[in-house]
Every structure is written in structure tokens, then in C-alpha cells.
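Here's the structure we're looking at; comments come further down.
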Amino acid sequence: MSAIHTAPINVADLLAQAAARRPQAPALSQGGAQLSYAALDARVSRCARALRASGLLAGERVATWLPKTLDNVILLFGALRAGAVMLPINPLLKPAQVRAILDDAEACTLLTQPSRLALLHALPPPRGLRLSLVDTLPAQPLAPLPTHWPSPRPLADWLASAPEAIPLARRIDADLAALLYTSGSTGGPKGVMLSHRNLIAGAQSVASYLDNRPDDHLLALLPLSFDYGFSQLTTAFLAGAHVTLLDYLLPGDIRRAVRENGITALAGVPGLWIPLARQSWLGELSALRYITNSGGALPPSVVGALKAALPDTRIHLMYGLTEAFRSTSLPPEDLERKPGSIGKPIPNAEILVVDDSGRPCAAGETGELVHRGTLVGLGYWKDPQRSAERFRPVPGHDVTDPRAEIAVWSGDLVRQDEDGYLYFIGRRDGQIKTAGYRVSPDEVEAAALDSGLIHECAAAGQADPELGQRIVLGVVTDTPDVLPALQQHLRQALPAWMVPARIHPLPQLPRTPNGKYDRRALAERIAQESPPHD
């Protein structure tokens with residue numbers, strides 16, 4: 001990877017520096033459109049000026065609710081260059097969930113599509129929203145909107161009106177750069193606060209052990225609202241590499257994109273790699289220099305199939321959490337020697353395994369994974385209580401010392417072998433990890449109770465070879481024949497990855513001695529009893 005002589009201090013500097021080194025090199029593609037580094041950097045600067053001209057203040061939140069598009073990337077990096085905080089929202093979320101995030105973050109600007117904006121306008125306006133933009137001119141004029149919502153403006157017109165010169169609010173280093181919303185172990189989604197330092201250090205760390213190069217071509221498949229997805233941009237821009245954005249529907253879409261674009265690097269989650277490993281044409285993708293996995297463990301059979309089909313492709317198995325970006329990686333040369341391992345700490349990170357009292361665990365002993373270093377985020381947005389629970393002083397430091405270094409106490413249970421390799425065991429809380437997403441059981445339960453069809457419910461995770469865990473829901477109801485209607489309600493209220501795979505009626509839900517739902521017992525009982533309603 002080419003050396004960078006000036007360390008970036010704002011995430012948007014990654015683009016500016018790449019444009020200075022390789023102005024005409026391809027930076028970003030989508031469909032038939034392609035932008036060089038010079039062109040992308042110029043559009044990001046124009047976006048930053050337009051944001052400032054609209055009245056944007058330093059530290060305000062700029063949101064996008066879009067699939068992976070050139071406009072999405074331009075607005076996110078434009079927000080960073082303007083001194084704002086970027087807020088990418090998963091395009092698969094439902095309008096009520098999006099509106100809740102906009103309200104919680106007090107976003108001042110939203111970039112979305114006409115059809116999505118029309119869905120949002122059926123809801124009360126979020127606090128603080130002053131400007132809503134659409135990424136393309138609508139084919140038909142939008143229906144009359146409530147006067148208390150800001151009038152939408154086409155993005156192209158808005159950018160064209162950007163002044164040539166306007167001062168930008170410089171935000172650097174430890175300043176807040178991003179809010180990434182993720183499910184909590186209890187309650188609704190929480191905004192993880194990441195600084196410019198976090199995102200830049202993460203890019204430098206991952207790009208170094210993946211050995212990203214200027215001639216690499218990355219295919220971005222993951223949502224930009226996912227820290228793993230956004231890092232496809234930052235790690236590529238750091239190296240001056242090329243990124244192609246793709247929203248795929250079928251494995252064949254990936255096959256075509258990799259072959260037609262000369263893709264050399266591909267990142268995915270188990271829900272992607274497991275079906276790909278079954279494709280007879282997988283060996284046609286031999287030009288891939290490396291592939292990566294995070295968001296859950298890959299079954300050994302899938303790793304074996306990938307290795308057999310792509311013998312010259314380096315396979316990196318990684319583990320991470322949004323609160324600290326990325327924590328560990330298992331190098332390709334250790335796949336056979338350390339099967340099932342999540343690897344060792346990546347650069348810029350130290351991983352500790354501690355018992356309930358905070359003391360280091362011996363090799364082979366299960367304990368909580370604690371992550372320390374420059375990748376540790378700033379906490380949870382407007383939630384000091386949950387921040388204090390998860391972001392705590394490094395084990396062994398004086399908890400009353402305000403100068404004590406803060407670490408992320410992950411809630412993940414792991415063990416470390418004699419060689420220092422880590423193995424994931426499970427979660428301390430009831431959080432469900434499915435298809436690369438973290439899901440709060442409370443969110444699923446709240447949506448089910450909102451249907452008015454049941455008296456009580458509890459959600460849990462069951463082991464699944466493809467998803468890591470699948471969601472099951474136990475319900476208490478006098479009329480079991482309402483279960484199909486409940487499933488339909490949940491499909492409408494929740495994104496696909498939150499919809500239970502099984503709903504099972506029970507006379508009562510299992511509980512722990514202190515009265516809480518016993519989710520482990522619930523999952524076991526649903527697995528044993530039949531017939532479930534799928």
C-alpha cells in the first residue's frame with residue numbers, strides 16, 4: 001500500500017489525499033457511472049459547502065436513508081468535511097424505525113428517495129429536521145405534504161446552488177464523526193458514537209493487515225449503516241483503491257459483478273458466504289485476492305468449501321463490534337491450524353479476557369472480551385447510563401480516576417488458548433446475533449404486542465448453521481389461530497432479519513427465579529415441542 005505522508009485528521013481527508021496522489025484513478029462506481037478521485041473529492045466539497053450554506057452547524061447530524069448509491073457516499077463524506085456528524089440509516093428499516101432514529105439523533109438533514117419520503121410523511125415530523133432532500137427528481141410530483149414537515153428539494157438542484165467559497169467547520173481527531181445505530185440488549189436501537197480518530201485508525205488497521213493496494217477493486221455489498229460496510233469505503237480510499245457499490249438480489253448478481261469489474265476484494269457476512277459456498281461457479285471468482293467475513297462465525301464446512309473453490313484467495317475471518325469497530329482477525333495461514341477461532345487482536349487494539357471480578361482469565365477459561373485502544377468509541381448517544389455499563393475503565397485501573405483509560409466491555413464470552421487465539425462462546429445478555437445483525441429481543445416483543453393479537457410474548461435465539469442464530473417467539477394467546485395474522489403483522493412492522501422464524505403458542509412463558517424471561521429455556525422448549533408455526 002502506498003505510504004500516506006500526512007496523517008488524516010478528518011475522515012474526508014482520506015479522499016482529499018487520494019485525490020492529490022491519484023486524481024484520475026477510479027474511486028467509486030455504481031451501475032454505469034464512475035467517478036475519479038478528483039471528481040469524487042470535488043463533489044464532496046460542493047456538498048460540504050451546500051450543507052454549510054443551508055445553515056448547518058458543527059456537530060449537527062446529517063442522515064441518509066438510501067441504498068448504496070453515489071449520492072449516499074457523497075452526502076456522508078460531505079457531512080464529515082462540513083463538520084457535521086454522518087448518520088447512515090439502514091435502507092431496510094421500516095418508516096417508524098427510521099423516524100425514531102431521526103428523532104433520537106435530532107437530525108437536521110435527511111437524504112432519501114421520493115417513495116421513502118412519502119412513507120415518512122405519514123408520521124409526525126422528527127425534532128430538529130430542517131432540510132429534506134431527494135436523491136433524484138421524482139417522476140411524479142410528491143403529494144401535498146404536512147406543513148410541519150420541511151419541503152423536499154431535489155439533491156441535484158440543491159448541490160448546483162452551492163456557493164463557491166464558504167468557510168467549513170473543521171472537526172478532527174476526537175470530535176464526533178458518526179452515529180451508527182445498532183440494537184441494544186434491552187430497549188430500542190442505540191446510537192454508537194464514533195470519532196474521526198476511531199474511523200481513521202480503523203481504516204489504517206484493517207487496510208494494513210489486508211494489505212490493501214491502489215490496484216485493488218473492492219465490491220461493496222454491505223449496508224453503509226453497518227460499520228463493516230462503511231469500512232469498505234475508508235479502507236479503499238486510504239489505499240487509493242477502487243470501490244464498486246452493489247445492491248444485489250441473487251448470488252448470480254455477485255458473480256457477474258466480480259467477473260465484469262475485475263473485483264479483487266470482497267467482504268461479507270455468513271448470510272452471504274453460506275449460499276455462495278454452494279454455487280458450482282464459485283471457482284470462476286479466482287481473481288479475488290482476498291475475502292473477509294465478520295458478523296458471525298462461518299461453519300467449518302463453509303470455510304472448507306471456500307478454500308477448495310478459491311485456493312489462491314486469502315480468507316480472513318474477523319470479529320468486531322460497532323462500539324470498537326474491529327477487534328480480532330484470524331490470518332489465512334491459521335485457518336486449518338486454529339479452526340473455529342476468531343483470531344488475535346488487530347493492530348491498534350488489545351484484547352483482554354477477564355472474569356466477573358475483572359481479573360485476567362487463564363488459558364482455556366471463559367471470560368468477557370474487553371477491547372482497549374484507539375478503536376474504542378465515545379459511548380452511546382444521549383445515554384450515559386448504558387454508556388457507563390459498556391464503556392468502563394480498563395481492568396485493573398482505578399474506576400474513580402477520571403484519567404483512567406476507557407475500554408469496551410463487550411458482553412461477549414470468549415476463551416483464549418495457550419497460543420493467544422480467541423474463541424467465541426456466547427453472549428452475557430439475551431441479545432440475538434442473526435445474519436450479521438444484533439437484535440434486541442425487546443424490539444421483537446414490542447412489535448408483537450403492538451398487534452393486539454396476543455397477551456404476552458418473549459423472543460429468543462436458536463442456533464442456526466447459516467444465520468448463527470434464528471429468532472423464535474413464544475406467545476401466550478387464547479386463540480392460536482391468530483398466529484398467521486401475527487406473522488403477517490411482524491413482516492410489515494419489522495425488517496426481514498428481525499421477523500421470527502418460528503412463533504410458538506405456550507400456556508405460559510418460562511421465567512428465571514427473579515421473574516425475568518428465561519430465553520434459553522424458551523428456545524429449548526420451542527425446539528422440543530411441535531408443531532411450530534413457521
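Just remember, in the C-alpha cells the first chain shown is A, the second B, etc., residues are 1-based per chain, and ligands are 1-based in the order shown.
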
For this session: Any chance you could list, as a PyMOL selection string, the residues in segment 129-217 of chain A that come up alpha helix (DSSP H) when DSSP is run on the backbone?
Result: chain A and resi 155-160+196-210

Output N, CA and C atoms for every residue in the selection just made, as a CSV table (one decimal), in the first residue's frame.
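Below is the file part_6.csv, written as the result:
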chain,number,residue,atom,x,y,z
A,155,LEU,N,-31.8,16.8,-4.9
A,155,LEU,CA,-30.4,16.9,-4.5
A,155,LEU,C,-29.6,17.6,-5.5
A,156,ALA,N,-29.8,17.3,-6.8
A,156,ALA,CA,-29.0,17.9,-7.9
A,156,ALA,C,-29.2,19.5,-7.9
A,157,ASP,N,-30.4,19.9,-7.7
A,157,ASP,CA,-30.7,21.4,-7.7
A,157,ASP,C,-30.0,22.0,-6.5
A,158,TRP,N,-30.1,21.3,-5.4
A,158,TRP,CA,-29.5,21.8,-4.1
A,158,TRP,C,-28.0,22.0,-4.2
A,159,LEU,N,-27.4,20.9,-4.8
A,159,LEU,CA,-25.9,21.0,-5.0
A,159,LEU,C,-25.5,22.0,-6.0
A,160,ALA,N,-26.3,22.2,-7.0
A,160,ALA,CA,-25.9,23.2,-8.0
A,160,ALA,C,-25.9,24.6,-7.4
A,196,HIS,N,-13.6,10.8,14.6
A,196,HIS,CA,-12.7,10.8,13.4
A,196,HIS,C,-11.5,9.9,13.7
A,197,ARG,N,-11.0,10.0,14.8
A,197,ARG,CA,-9.8,9.1,15.2
A,197,ARG,C,-10.2,7.6,15.1
A,198,ASN,N,-11.4,7.3,15.6
A,198,ASN,CA,-11.8,5.9,15.6
A,198,ASN,C,-11.9,5.4,14.1
A,199,LEU,N,-12.5,6.1,13.3
A,199,LEU,CA,-12.7,5.7,11.9
A,199,LEU,C,-11.4,5.6,11.1
A,200,ILE,N,-10.6,6.6,11.3
A,200,ILE,CA,-9.3,6.6,10.6
A,200,ILE,C,-8.4,5.5,11.1
A,201,ALA,N,-8.3,5.4,12.4
A,201,ALA,CA,-7.4,4.3,13.0
A,201,ALA,C,-8.0,2.9,12.5
A,202,GLY,N,-9.3,2.8,12.5
A,202,GLY,CA,-9.8,1.5,12.0
A,202,GLY,C,-9.5,1.3,10.6
A,203,ALA,N,-9.5,2.3,9.7
A,203,ALA,CA,-9.2,2.1,8.3
A,203,ALA,C,-7.7,1.7,8.2
A,204,GLN,N,-6.8,2.4,8.9
A,204,GLN,CA,-5.4,2.1,8.9
A,204,GLN,C,-5.1,0.7,9.4
A,205,SER,N,-5.8,0.3,10.4
A,205,SER,CA,-5.6,-1.1,11.0
A,205,SER,C,-6.0,-2.1,10.0
A,206,VAL,N,-7.2,-2.1,9.5
A,206,VAL,CA,-7.7,-3.1,8.6
A,206,VAL,C,-7.0,-3.1,7.3
A,207,ALA,N,-6.7,-1.9,6.7
A,207,ALA,CA,-6.0,-1.9,5.4
A,207,ALA,C,-4.6,-2.4,5.6
A,208,SER,N,-4.0,-2.3,6.7
A,208,SER,CA,-2.6,-2.9,6.9
A,208,SER,C,-2.6,-4.4,6.9
A,209,TYR,N,-3.5,-5.0,7.7
A,209,TYR,CA,-3.4,-6.5,7.7
A,209,TYR,C,-4.1,-7.1,6.5
A,210,LEU,N,-5.0,-6.4,5.7
A,210,LEU,CA,-5.5,-6.9,4.5
A,210,LEU,C,-4.5,-6.6,3.3

Problem set entry | Spatial neighbours of Arg525 of chain A, 12 Å, only C-alpha atoms, chain gap at least 6 places, as a PyMOL selection string | chain A and resi 460-462+472-474+504-506+508-510+518-519+531-532

Expected file: the selected residues, C-alpha atoms, as a tab-separated table (two decimals), in the first residue's frame:
chain	number	residue	atom	x	y	z
A	460	ALA	CA	-35.03	-15.83	21.91
A	461	GLY	CA	-32.27	-17.06	19.61
A	462	GLN	CA	-31.80	-20.64	18.45
A	472	VAL	CA	-38.10	-17.69	17.75
A	473	LEU	CA	-41.08	-16.18	19.57
A	474	GLY	CA	-43.11	-17.76	22.34
A	504	HIS	CA	-44.99	-20.98	19.14
A	505	PRO	CA	-48.05	-20.75	21.45
A	506	LEU	CA	-47.47	-21.60	25.12
A	508	GLN	CA	-47.08	-19.60	30.00
A	509	LEU	CA	-43.58	-18.34	29.30
A	510	PRO	CA	-40.58	-19.78	31.20
A	518	ASP	CA	-35.71	-17.39	30.65
A	519	ARG	CA	-34.83	-17.07	26.99
A	531	PRO	CA	-45.66	-28.48	15.53
A	532	PRO	CA	-44.32	-24.91	15.46

For this session: Please identify all polymer residues within 8 Å of segment 346-362 of chain A, counting only C-alpha atoms, omitting same-chain residues fewer than 2 positions from it, and present them as a PyMOL selection string.
Result: chain A and resi 201-202+205-206+209+326-329+344+364-375+395-396+414-416

Problem set entry | A:Arg289, A:Arg520, A:Arg278, A:Arg22 ranked by distance to Leu306 of chain A, top pick (using only C-alpha atoms) |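 Using only C-alpha atoms, the shortest distance to Leu306 of chain A belongs to A:Arg278.
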
Problem set entry | Every residue of segment 224-426 of chain A that DSSP places in strand (DSSP E), as a ChimeraX atom specification | /A:242-245,265-268,290-293,314-319,328-330,344-345,349-354,367-373,379-380,391-393,406-416,422-426

Contacts of Leu250 of chain A at 12 Å (only C-alpha atoms; same-chain gap of 2+ positions) as an mmCIF file with C-alpha atoms, in the first residue's frame:
data_model
loop_
_atom_site.group_PDB
_atom_site.id
_atom_site.type_symbol
_atom_site.label_atom_id
_atom_site.label_comp_id
_atom_site.auth_asym_id
_atom_site.auth_seq_id
_atom_site.Cartn_x
_atom_site.Cartn_y
_atom_site.Cartn_z
ATOM 1 C CA LEU A 221 -22.213 -5.339 -0.800
ATOM 2 C CA LEU A 246 -23.803 -3.073 -5.475
ATOM 3 C CA ASP A 247 -27.220 -3.857 -4.043
ATOM 4 C CA TYR A 248 -27.605 -7.498 -5.027
ATOM 5 C CA GLY A 252 -25.652 -14.530 -9.651
ATOM 6 C CA ASP A 253 -25.573 -10.741 -9.314
ATOM 7 C CA ILE A 254 -22.327 -11.057 -7.352
ATOM 8 C CA ARG A 255 -20.906 -13.491 -9.905
ATOM 9 C CA ARG A 256 -21.480 -11.019 -12.735
ATOM 10 C CA ALA A 257 -20.170 -8.033 -10.773
ATOM 11 C CA GLY A 271 -25.641 -15.000 5.229
ATOM 12 C CA LEU A 272 -23.677 -14.207 2.059
ATOM 13 C CA PRO A 275 -25.152 -19.677 -0.121
ATOM 14 C CA LEU A 276 -22.134 -18.612 -2.216
ATOM 15 C CA GLN A 279 -22.584 -22.358 -6.045
#

For this session: Name all residues at most 10 Å from Ala100 of chain A (count only C-alpha atoms; drop same-chain ones fewer than 3 positions away) and give them as a list of chain:residue names.
Result: A:Pro95, A:Ala96, A:Gln97, A:Asp103, A:Asp104, A:Ala105, A:Glu106, A:Pro125, A:Pro126, A:Arg127, A:Gly188, A:Pro189

For this session: Do a neighbour search on Asp227 of chain A at 8 Å with only C-alpha atoms, toss out local chain neighbours closer than 2 positions, and write the hits as an NGL selection string.
Result: :A and (180 or 224-225 or 229-231 or 322 or 325)

For this session: Select, from A:Ile503, A:Val376, A:Leu330, A:Ala169, the residue with the minimum atom-to-atom distance to Met193 of chain A, counting only C-alpha atoms.
Result: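 Distance minimum relative to Met193 of chain A lands on A:Val376.
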